[in-house]
Structures are given as structure tokens and as C-alpha cells.
Amino acid sequence: MQLAPSPYLSHIIKHYLVLEHDEELQLNYRLFSDGNPGMVFYFKTPMMQYAGQHLSKHPTSFVYGQLTQYKNLICTGKLGMLVVVLQPHAIYALSRIAAYELNDSVANLNDVFGNGGIDLQDQILNAANIQSRIGYIESFLLKKLNHVHSPDSVFTGALKLINDHQGNISVACLLNILPVTERQLERKFKQFIGLGPKRFADTVKLQHFLKLLQKHPSRSNIAEAVYEGGYYDQAHLNNYFKKNIGITPTQYQASNNPLAINFIQTQAFL
């Protein structure tokens with residue numbers, strides 16, 4: 001279930017994602033980048049994550065940064081999970097921690113937000129329902145708005161151009177429009193988002209393609225989505241898909257019970 005944030009926080013929070021089931025089964029999931037960092041709160045069994053050949057258990061709550069490679073997760077019991085999907089630049093805006101420092105990693109709430117993060121975790125774990133949990137999160141973040149560090153106009157201009165073009169815009173084009181050098185733009189994106197402008201644009205482009213797949217559910221219509229999504233051909237897309245998601249577009253379409261556009265249930269890790 002996806003829920004919208006308060007309008008006062010829409011520049012910080014993209015949306016909330018609530019995931020719940022009461023099955024006592026081992027379920028496999030594949031998570032990959034959607035270009036956004038976030039916060040996770042478990043109120044049932046935390047998931048396990050593969051790190052190479054080893055499994056590690058997620059903390060009860062944490063902040064996560066950008067993903068540069070897909071992750072394999074396992075749910076081993078009842079799932080109750082609230083994900084606060086943040087805007088791409090929100091970690092830097094809220095904490096002034098350079099976003100790239102959290103790439104492919106998780107951080108305890110108190111490491112990012114201080115003692116207030118510990119209090120927030122306790123409130124979430126003891127809350128009676130999702131509405132109360134979201135209320136605590138929004139109250140916590142609203143208090144931080146006076147101290148938010150807003151990115152500069154060059155970065156926000158580049159971000160708008162990438163989103164307006166659904167990722168189909170080159171760095172060269174950005175440099176022709178904006179008063180910035182390539183090195184400066186790269187540094188700004190790494191600081192505010194954690195990814196360079198090309199990598200971020202590619203991620204936005206892939207997310208747009210996945211939304212097109214939802215509009216073209218028939219496997220025979222993948223070629224139509226490939227063209228509309230701005231990819232050269234299906235072979236090029238298949239290679240990019242395999243590298244960044246670990247499966248093909250056809251396998252993605254066949255995946256069971258997608259929890260979110262970048263979070264899918266799989267029968268086995270492919």
C-alpha cells in the first residue's frame with residue numbers, strides 16, 4: 001500500500017510504503033534502485049539480506065542510502081514494514097551528511113538524527129496502527145524543517161530537467177542549459193543524491209520504463225515500451241536490465257506479487 005505524505009513534507013517525503021503479511025513462509029525478494037533513499041521501520045520480523053554468501057539481519061529501523069547494485073532479501077516470518085521513501089536529496093537536506101557516504105549501506109537513526117532518532121524508533125514500535133506511525137514520523141520531520149539544508153538552484157534545475165525528460169537527457173545537454181561545469185555538477189549530485197547525474201538519469205529512465213511495462217502488461221508489447229522509454233533496442237535494454245536488476249524485462253513481468261516498482265517477490269534468486 002502506498003500513501004502520500006502531508007503536503008508540508010512533500011519536498012522531503014516522496015511517499016510511504018506499507019508492506020504486511022502474516023504468512024509464516026520464507027519469501028525471497030529483489031530490491032533495486034529507484035533513485036531515492038529512505039527510512040525503514042519493522043514492526044514484525046525484520047528481513048535478512050545477503051552480503052555475498054552471508055546473511056545478515058536488518059536492524060529494527062534504519063536509514064538507507066542510494067543503491068548502486070540490486071539486493072537479495074529474505075523474509076522468514078510475518079512481515080510488518082513501513083518504508084518512508086524520501087526525495088532524492090532528502091538525506092543531505094535533513095542531516096547535511098553527504099549522500100554518497102550512505103550508498104549501499106544502512107545507518108542507525110541515531111547516527112543520522114541523534115537521540116531524536118532513538119525516540120522516534122520507540123514511538124513507531126509502540127504505535128497501535130499505521131496512521132499513528134506516520135503521525136509520529138511527520139511530527140518528527142516537521143520539527144526539522146527550520147533546519148533543512150536546501151540544495152542550490154543549479155542542482156534543483158538539473159534535477160527538474162532530468163525528471164521532466166524522464167531520464168532521457170544527456171549530461172552534455174544539462175551543461176548547455178545550466179551555468180555549471182561537468183566537474184561541479186558531478187560533485188553536487190554526489191553530495192546531494194549520492195549518484196552522478198548520468199547514473200541518476202539512467203535510474204529515472206529505468207523507472208519510467210517499468211511504469212510503461214505496467215501499462216503494457218502483455219509480453220508481446222515489451223518492444224512498444226522499449227521504444228516509448230527511449231531505449232535503442234531490446235537487446236540494449238536487456239543488458240542494462242540484467243546488470244541493474246539481475247533479470248530480464250520478461251522475467252520482471254512474470255515476477256510474483258510486486259510490492260513496489262523496485263521491490264519484487266521472486267521464486268528464487270536468479
# chains A, B, ... in the order shown; residues from 1 in each chain; ligands from 1
>>> closest_atom_pairs(of="segment 140-233 of chain A", to="segment 68-78 of chain A", cutoff="10 Å", atoms="only C-alpha atoms", output="Markdown table")
| residue | atom | partner | partner_atom | distance |
| --- | --- | --- | --- | --- |
| A:Gly194 | CA | A:Thr68 | CA | 9.5 |
| A:Leu195 | CA | A:Thr68 | CA | 8.3 |
| A:Arg199 | CA | A:Thr68 | CA | 9.0 |
| A:Thr203 | CA | A:Thr68 | CA | 9.8 |
>>> residues_around(residues="Ile130 of chain A", least_positions_apart="6", cutoff="12 Å", atoms="only C-alpha atoms", output="short mmCIF file (atom, residue, chain, number, x, y, z; two decimals) with C-alpha atoms, in the first residue's frame")
data_model
loop_
_atom_site.label_atom_id
_atom_site.label_comp_id
_atom_site.auth_asym_id
_atom_site.auth_seq_id
_atom_site.Cartn_x
_atom_site.Cartn_y
_atom_site.Cartn_z
CA MET A 1 0.00 0.00 0.00
CA GLN A 2 1.36 3.42 -0.98
CA LEU A 3 0.36 6.55 0.94
CA TYR A 16 5.10 5.92 2.31
CA LEU A 17 5.09 2.23 1.51
CA VAL A 18 3.36 -0.18 3.88
CA LEU A 19 4.12 -3.90 3.47
CA GLU A 20 2.36 -6.51 5.59
CA PHE A 41 10.70 0.63 10.35
CA TYR A 42 9.87 -3.02 11.08
CA PHE A 43 7.06 -3.79 13.49
CA GLY A 80 5.22 -5.61 9.02
CA MET A 81 7.22 -2.86 7.39
CA LEU A 82 6.83 0.90 6.96
CA VAL A 83 9.15 2.46 4.38
CA VAL A 84 9.49 6.24 4.24
CA GLN A 123 7.30 5.61 19.22
CA ILE A 124 6.97 3.64 15.97
CA TYR A 136 5.00 10.29 14.66
CA ILE A 137 7.24 10.40 11.58
#
>>> select_by_dssp(residues="segment 19-153 of chain A", states="strand (DSSP E)", output="VMD selection string")
chain A and resid 19 to 21 27 to 31 38 to 42 48 to 51 54 to 57 61 to 64 71 to 75 79 to 86 106 to 107
>>> residues_around(residues="segment 99-106 of chain A", least_positions_apart="2", cutoff="12 Å", atoms="only C-alpha atoms", output="compact mmCIF listing (two decimals) with C-alpha atoms, in the first residue's frame")
# COMPACT_ATOMS: atom_id res chain seq x y z
CA LEU A 31 15.32 -4.80 -4.30
CA PHE A 32 16.95 -2.37 -6.74
CA SER A 33 17.43 1.36 -7.08
CA GLY A 35 16.83 6.81 -7.16
CA ASN A 36 15.53 7.53 -3.66
CA PRO A 37 16.92 6.97 -0.16
CA GLY A 38 14.62 6.28 2.75
CA MET A 39 13.88 5.09 6.25
CA VAL A 40 12.62 1.64 7.23
CA GLN A 49 19.87 -9.54 3.46
CA ALA A 51 26.05 -9.83 1.71
CA LYS A 57 19.54 -9.38 9.71
CA HIS A 58 18.22 -5.88 9.15
CA PRO A 59 18.04 -3.61 12.20
CA THR A 60 14.57 -2.84 13.57
CA SER A 61 14.82 0.59 11.99
CA PHE A 62 17.38 2.35 9.82
CA VAL A 63 18.13 4.96 7.18
CA TYR A 64 19.30 3.64 3.82
CA GLY A 65 21.15 5.42 1.04
CA GLN A 66 21.24 5.01 -2.73
CA LEU A 67 21.57 1.51 -4.15
CA THR A 68 24.25 1.06 -6.79
CA GLN A 69 23.53 -2.68 -7.11
CA TYR A 70 20.48 -4.82 -6.51
CA LYS A 71 19.95 -6.58 -3.17
CA GLN A 87 13.08 12.60 -2.08
CA PRO A 88 16.49 12.02 -3.74
CA HIS A 89 18.22 14.88 -1.88
CA ALA A 90 16.47 14.44 1.49
CA ILE A 91 19.29 12.78 3.45
CA TYR A 92 21.60 15.72 2.83
CA ALA A 93 18.78 18.20 3.42
CA LEU A 94 17.87 16.68 6.80
CA SER A 95 21.31 15.78 8.14
CA ARG A 96 23.94 17.50 5.98
CA ILE A 97 25.58 14.12 5.63
CA ASN A 108 21.01 3.69 12.66
CA LEU A 109 18.53 6.50 13.13
CA ASN A 110 20.54 7.99 15.99
CA ASP A 111 23.67 8.16 13.78
CA VAL A 112 21.76 10.37 11.35
CA GLU A 186 29.15 15.70 -10.68
CA ARG A 187 30.20 16.92 -7.23
CA LYS A 188 26.79 18.43 -6.50
CA PHE A 189 24.96 15.22 -7.43
CA LYS A 190 27.30 13.03 -5.40
CA GLN A 191 26.87 15.32 -2.38
CA PHE A 192 23.09 15.83 -2.59
CA ILE A 193 21.93 12.48 -4.06
CA GLY A 194 24.86 10.07 -3.87
CA LEU A 195 24.90 9.30 -7.62
CA GLY A 196 26.42 11.20 -10.53
>>> select_by_dssp(residues="segment 9-188 of chain A", states="helix (DSSP H, G or I)", output="NGL selection string")
:A and (9 or 90-95 or 99-102 or 109-113 or 115-126 or 130-142 or 145-147 or 153-164 or 171-177 or 182-188)
>>> residues_around(residues="segment 152-163 of chain A", least_positions_apart="3", cutoff="10 Å", atoms="only C-alpha atoms", output="PyMOL selection string")
chain A and resi 88-89+149+166-171+173-175+177-180+184-186+188-189+192-193+197-198+200-202+204-205+208
>>> atom_distance(atom1="atom CA of Arg133 of chain A", atom2="atom CA of Ser56 of chain A")
25.8 Å
>>> atom_distance(atom1="atom CA of Gln267 of chain A", atom2="atom CA of Ser255 of chain A")
8.0 Å
>>> residues_around(residues="Tyr240 of chain A", least_positions_apart="2", cutoff="12 Å", atoms="only C-alpha atoms", output="PyMOL selection string")
chain A and resi 69+202-203+205-206+209+231-238+242-249
>>> write_last_selection(atoms="N, CA and C atoms", output="PDB file, in the first residue's frame")
ATOM      1  N   GLN A  69      23.697  -1.318  -6.628  1.00  0.00           N
ATOM      2  CA  GLN A  69      23.533  -2.679  -7.113  1.00  0.00           C
ATOM      3  C   GLN A  69      22.324  -3.298  -6.420  1.00  0.00           C
ATOM      4  N   ASP A 202      19.905   7.680 -15.652  1.00  0.00           N
ATOM      5  CA  ASP A 202      19.655   6.303 -16.089  1.00  0.00           C
ATOM      6  C   ASP A 202      18.647   5.610 -15.174  1.00  0.00           C
ATOM      7  N   THR A 203      18.736   5.891 -13.865  1.00  0.00           N
ATOM      8  CA  THR A 203      17.807   5.299 -12.906  1.00  0.00           C
ATOM      9  C   THR A 203      16.388   5.821 -13.125  1.00  0.00           C
ATOM     10  N   LYS A 205      15.215   6.952 -15.921  1.00  0.00           N
ATOM     11  CA  LYS A 205      14.788   6.376 -17.209  1.00  0.00           C
ATOM     12  C   LYS A 205      14.285   4.945 -17.013  1.00  0.00           C
ATOM     13  N   LEU A 206      14.989   4.149 -16.225  1.00  0.00           N
ATOM     14  CA  LEU A 206      14.572   2.774 -15.983  1.00  0.00           C
ATOM     15  C   LEU A 206      13.249   2.727 -15.231  1.00  0.00           C
ATOM     16  N   PHE A 209      10.520   3.339 -17.610  1.00  0.00           N
ATOM     17  CA  PHE A 209      10.255   2.151 -18.425  1.00  0.00           C
ATOM     18  C   PHE A 209       9.417   1.126 -17.653  1.00  0.00           C
ATOM     19  N   TYR A 231      14.847   3.641 -25.197  1.00  0.00           N
ATOM     20  CA  TYR A 231      15.981   2.737 -25.364  1.00  0.00           C
ATOM     21  C   TYR A 231      16.189   2.430 -26.849  1.00  0.00           C
ATOM     22  N   TYR A 232      17.446   2.151 -27.226  1.00  0.00           N
ATOM     23  CA  TYR A 232      17.785   1.934 -28.637  1.00  0.00           C
ATOM     24  C   TYR A 232      17.114   0.684 -29.189  1.00  0.00           C
ATOM     25  N   ASP A 233      17.209  -0.399 -28.455  1.00  0.00           N
ATOM     26  CA  ASP A 233      16.609  -1.658 -28.886  1.00  0.00           C
ATOM     27  C   ASP A 233      16.470  -2.560 -27.668  1.00  0.00           C
ATOM     28  N   GLN A 234      15.806  -3.678 -27.842  1.00  0.00           N
ATOM     29  CA  GLN A 234      15.541  -4.553 -26.702  1.00  0.00           C
ATOM     30  C   GLN A 234      16.808  -5.243 -26.203  1.00  0.00           C
ATOM     31  N   ALA A 235      17.745  -5.518 -27.101  1.00  0.00           N
ATOM     32  CA  ALA A 235      18.992  -6.159 -26.672  1.00  0.00           C
ATOM     33  C   ALA A 235      19.764  -5.232 -25.730  1.00  0.00           C
ATOM     34  N   HIS A 236      19.817  -3.933 -26.085  1.00  0.00           N
ATOM     35  CA  HIS A 236      20.480  -2.946 -25.226  1.00  0.00           C
ATOM     36  C   HIS A 236      19.793  -2.882 -23.862  1.00  0.00           C
ATOM     37  N   LEU A 237      18.463  -2.872 -23.869  1.00  0.00           N
ATOM     38  CA  LEU A 237      17.711  -2.811 -22.622  1.00  0.00           C
ATOM     39  C   LEU A 237      17.928  -4.070 -21.788  1.00  0.00           C
ATOM     40  N   ASN A 238      17.912  -5.236 -22.441  1.00  0.00           N
ATOM     41  CA  ASN A 238      18.102  -6.492 -21.713  1.00  0.00           C
ATOM     42  C   ASN A 238      19.423  -6.508 -20.959  1.00  0.00           C
ATOM     43  N   LYS A 242      19.676  -6.657 -16.950  1.00  0.00           N
ATOM     44  CA  LYS A 242      20.385  -7.753 -16.298  1.00  0.00           C
ATOM     45  C   LYS A 242      21.441  -7.225 -15.335  1.00  0.00           C
ATOM     46  N   LYS A 243      22.119  -6.168 -15.731  1.00  0.00           N
ATOM     47  CA  LYS A 243      23.167  -5.599 -14.895  1.00  0.00           C
ATOM     48  C   LYS A 243      22.600  -4.958 -13.640  1.00  0.00           C
ATOM     49  N   ASN A 244      21.475  -4.263 -13.764  1.00  0.00           N
ATOM     50  CA  ASN A 244      20.968  -3.461 -12.661  1.00  0.00           C
ATOM     51  C   ASN A 244      19.877  -4.129 -11.832  1.00  0.00           C
ATOM     52  N   ILE A 245      19.198  -5.133 -12.400  1.00  0.00           N
ATOM     53  CA  ILE A 245      18.139  -5.817 -11.672  1.00  0.00           C
ATOM     54  C   ILE A 245      18.440  -7.303 -11.534  1.00  0.00           C
ATOM     55  N   GLY A 246      19.298  -7.833 -12.424  1.00  0.00           N
ATOM     56  CA  GLY A 246      19.681  -9.236 -12.336  1.00  0.00           C
ATOM     57  C   GLY A 246      18.753 -10.168 -13.079  1.00  0.00           C
ATOM     58  N   ILE A 247      17.741  -9.622 -13.741  1.00  0.00           N
ATOM     59  CA  ILE A 247      16.785 -10.410 -14.515  1.00  0.00           C
ATOM     60  C   ILE A 247      16.485  -9.674 -15.813  1.00  0.00           C
ATOM     61  N   THR A 248      15.721 -10.306 -16.702  1.00  0.00           N
ATOM     62  CA  THR A 248      15.316  -9.682 -17.963  1.00  0.00           C
ATOM     63  C   THR A 248      13.970  -8.990 -17.782  1.00  0.00           C
ATOM     64  N   PRO A 249      13.587  -8.103 -18.717  1.00  0.00           N
ATOM     65  CA  PRO A 249      12.253  -7.490 -18.634  1.00  0.00           C
ATOM     66  C   PRO A 249      11.121  -8.522 -18.597  1.00  0.00           C
TER      67      PRO A 249
END
